[in-house]
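J.: I'm passing along my_file.txt; it holds compact mmCIF, C-alpha atoms.
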# COMPACT_ATOMS: atom_id res chain seq x y z
CA GLN A 28 -146.63 239.41 -4.61
CA VAL A 29 -145.48 236.26 -2.86
CA GLN A 30 -142.14 234.99 -4.11
CA LEU A 31 -140.26 231.85 -3.15
CA VAL A 32 -136.57 231.48 -3.88
CA GLU A 33 -134.79 228.19 -3.33
CA SER A 34 -131.06 227.88 -2.82
CA GLY A 35 -128.60 225.12 -2.11
CA GLY A 36 -128.77 221.74 -3.72
CA GLY A 37 -126.14 220.46 -6.09
CA SER A 38 -124.46 217.09 -6.20
CA ALA A 39 -123.71 214.47 -3.58
CA GLN A 40 -122.65 210.87 -3.39
CA PRO A 41 -124.92 208.15 -2.02
CA GLY A 42 -124.88 208.35 1.75
CA GLY A 43 -124.01 212.04 1.66
CA SER A 44 -125.88 215.09 2.88
CA LEU A 45 -127.19 218.32 1.43
CA ARG A 46 -129.26 221.24 2.64
CA ILE A 47 -131.63 223.29 0.54
CA SER A 48 -133.36 226.47 1.61
CA CYS A 49 -136.39 228.44 0.52
CA ARG A 50 -137.02 232.05 1.43
CA MET A 51 -140.45 233.59 1.05
CA SER A 52 -141.00 237.29 0.48
CA GLY A 53 -144.13 239.36 -0.04
CA GLY A 54 -146.29 237.15 2.14
CA PRO A 55 -147.51 237.20 5.71
CA THR A 56 -144.88 236.63 8.34
CA THR A 57 -146.82 233.97 10.23
CA GLY A 58 -149.52 231.41 9.69
CA VAL A 59 -148.26 230.01 6.40
CA THR A 60 -148.07 226.31 5.59
CA MET A 61 -144.99 225.57 3.52
CA ALA A 62 -143.84 222.38 1.90
CA TRP A 63 -141.13 220.73 -0.13
CA TYR A 64 -141.95 218.82 -3.30
CA ARG A 65 -139.68 217.00 -5.70
CA GLN A 66 -139.86 215.93 -9.29
CA PRO A 67 -137.47 213.22 -10.48
CA PRO A 68 -136.53 213.29 -14.17
CA GLY A 69 -139.46 212.12 -16.27
CA LYS A 70 -141.77 211.69 -13.30
CA GLN A 71 -144.50 213.68 -11.60
CA ARG A 72 -144.01 216.18 -8.81
CA ASP A 73 -144.81 214.78 -5.37
CA VAL A 74 -144.75 216.15 -1.87
CA VAL A 75 -141.73 215.41 0.31
CA GLY A 76 -142.87 217.05 3.51
CA THR A 77 -144.78 219.91 5.07
CA ILE A 78 -144.24 222.36 7.90
CA PHE A 79 -147.36 223.83 9.44
CA PRO A 80 -147.82 227.23 11.11
CA ASN A 81 -147.56 225.61 14.55
CA GLY A 82 -144.16 224.19 13.62
CA LEU A 83 -145.25 220.60 13.30
CA THR A 84 -143.92 218.71 10.32
CA ASN A 85 -144.71 215.59 8.42
CA SER A 86 -142.92 213.80 5.62
CA VAL A 87 -143.45 210.92 3.27
CA ASN A 88 -142.27 207.46 4.21
CA ASP A 89 -139.51 207.45 1.58
CA VAL A 90 -137.61 210.18 3.44
CA LYS A 91 -138.64 209.63 7.05
CA GLY A 92 -135.60 209.46 9.28
CA ARG A 93 -133.37 210.88 6.53
CA PHE A 94 -134.83 214.28 5.69
CA THR A 95 -135.73 217.01 8.16
CA ILE A 96 -137.82 220.09 7.51
CA SER A 97 -137.28 223.14 9.68
CA ARG A 98 -137.74 226.88 9.48
CA SER A 99 -136.12 230.11 10.52
CA ASP A 100 -137.20 232.06 13.57
CA ASP A 101 -138.92 234.67 11.38
CA GLU A 102 -140.84 231.82 9.69
CA ASN A 103 -140.01 233.19 6.25
CA GLU A 104 -137.39 230.58 5.38
CA ILE A 105 -137.63 226.83 5.45
CA TYR A 106 -134.93 224.24 5.11
CA LEU A 107 -134.69 220.66 3.98
CA ASP A 108 -131.78 218.82 5.51
CA MET A 109 -131.18 215.67 3.53
CA THR A 110 -128.98 212.91 4.89
CA GLU A 111 -128.26 209.33 3.82
CA LEU A 112 -128.97 210.41 0.28
CA LYS A 113 -129.89 207.78 -2.26
CA ILE A 114 -129.61 207.84 -6.02
CA GLU A 115 -133.41 207.86 -6.18
CA ASP A 116 -133.44 211.19 -4.31
CA THR A 117 -132.20 212.79 -7.52
CA ALA A 118 -134.82 215.36 -8.50
CA THR A 119 -135.67 218.99 -8.84
CA TYR A 120 -136.85 220.14 -5.44
CA TYR A 121 -139.54 222.79 -5.20
CA CYS A 122 -140.69 224.90 -2.31
CA ALA A 123 -144.40 225.71 -2.00
CA ALA A 124 -146.38 228.03 0.24
CA GLN A 125 -150.11 228.26 0.77
CA VAL A 126 -151.10 231.89 1.32
CA ARG A 127 -154.75 232.88 1.58
CA SER A 128 -155.85 229.67 -0.21
CA GLN A 129 -153.46 230.21 -3.11
CA LEU A 130 -150.46 227.96 -3.68
CA TYR A 131 -147.19 229.57 -4.69
CA TRP A 132 -144.13 227.79 -6.08
CA GLY A 133 -140.44 228.44 -6.19
CA GLN A 134 -138.38 227.94 -9.32
CA GLY A 135 -136.86 224.69 -8.10
CA THR A 136 -133.36 223.58 -7.25
CA ARG A 137 -131.63 220.53 -8.65
CA VAL A 138 -130.29 217.75 -6.43
CA THR A 139 -128.23 215.03 -8.06
CA VAL A 140 -127.08 211.96 -6.18
CA SER A 141 -124.57 209.80 -8.00
CA ALA A 142 -121.57 207.59 -7.24
What is this file in structure tokens?

T.:
Amino acid sequence: QVQLVESGGGSAQPGGSLRISCRMSGGPTTGVTMAWYRQPPGKQRDVVGTIFPNGLTNSVNDVKGRFTISRSDDENEIYLDMTELKIEDTATYYCAAQVRSQLYWGQGTRVTVSA
């Protein structure tokens, strides 16, 4: 059973930084595409960025240059380093992993950006 557990998050001021992590267990050790999504209060969940099995990443324009996706050497943990945070980055952030054509989700971690 694939499980994803996010950690980190919390509160920050505009312009600040935070890191969130997501560890996957129960899945294959390589070849998994993983991604970060976020859902602001009252809005839909949208992708933030993706890290592919070959290590390449992409991210949406809203966070380009501010957020960085990376992963651990064992490829079972991914990170989202968020810098230059804006109030509109406030959301619940979810980790997702595609394993054998099935999409798994973490429970989410809250990020609040306020002055």

J.: Here is a test: counting only C-alpha atoms, which residue of A:Thr139, A:Asn103, A:Thr60, A:Ser52 is nearest to Thr84 of chain A?

T.: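 For Thr84 of chain A, the nearest of the given residues is A:Thr60.
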
J.: Could you tell me how far atom CA of Val140 of chain A sits from atom CA of Glu104 of chain A, in Å to one decimal place?

T.: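 Straight-line distance from atom CA of Glu104 of chain A to atom CA of Val140 of chain A works out to 24.2 Å.
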
J.: Pick out the closest residue to Ser34 of chain A from this set: A:Cys122, A:Ile96, A:Leu130, A:Val75. Count all atoms listed in the file.

T.: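 Of A:Cys122, A:Ile96, A:Leu130, A:Val75, the one nearest Ser34 of chain A is A:Cys122, counting all atoms listed in the file.
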
J.: May I ask which of the residues A:Gln134, A:Ser86, A:Thr110, A:Thr117 is the closest one to Arg50 of chain A, counting all atoms listed in the file?

T.: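 Ranked by minimum distance to Arg50 of chain A, first place goes to A:Gln134.
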
J.: If we count only C-alpha atoms, what is near Gly69 of chain A at a cut-off of 10 Å, once residues fewer than 3 positions away on the same chain are taken out, given as a PyMOL selection string?

T.: chain A and resi 66+72+118

J.: Could you tell me, as a list in words, which residues have any atom at most 12 Å from (-141.4, 241.3, -10.1), counting all atoms listed in the file?

T.: Gln28, Val29, Gln30, Leu31, Ser52 and Gly53 of chain A

J.: Tell me which of A:Cys49, A:Met61, A:Gln40, A:Arg98 sits closest to Ala123 of chain A, counting only C-alpha atoms.

T.: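 Of A:Cys49, A:Met61, A:Gln40, A:Arg98, the one nearest Ala123 of chain A is A:Met61, counting only C-alpha atoms.
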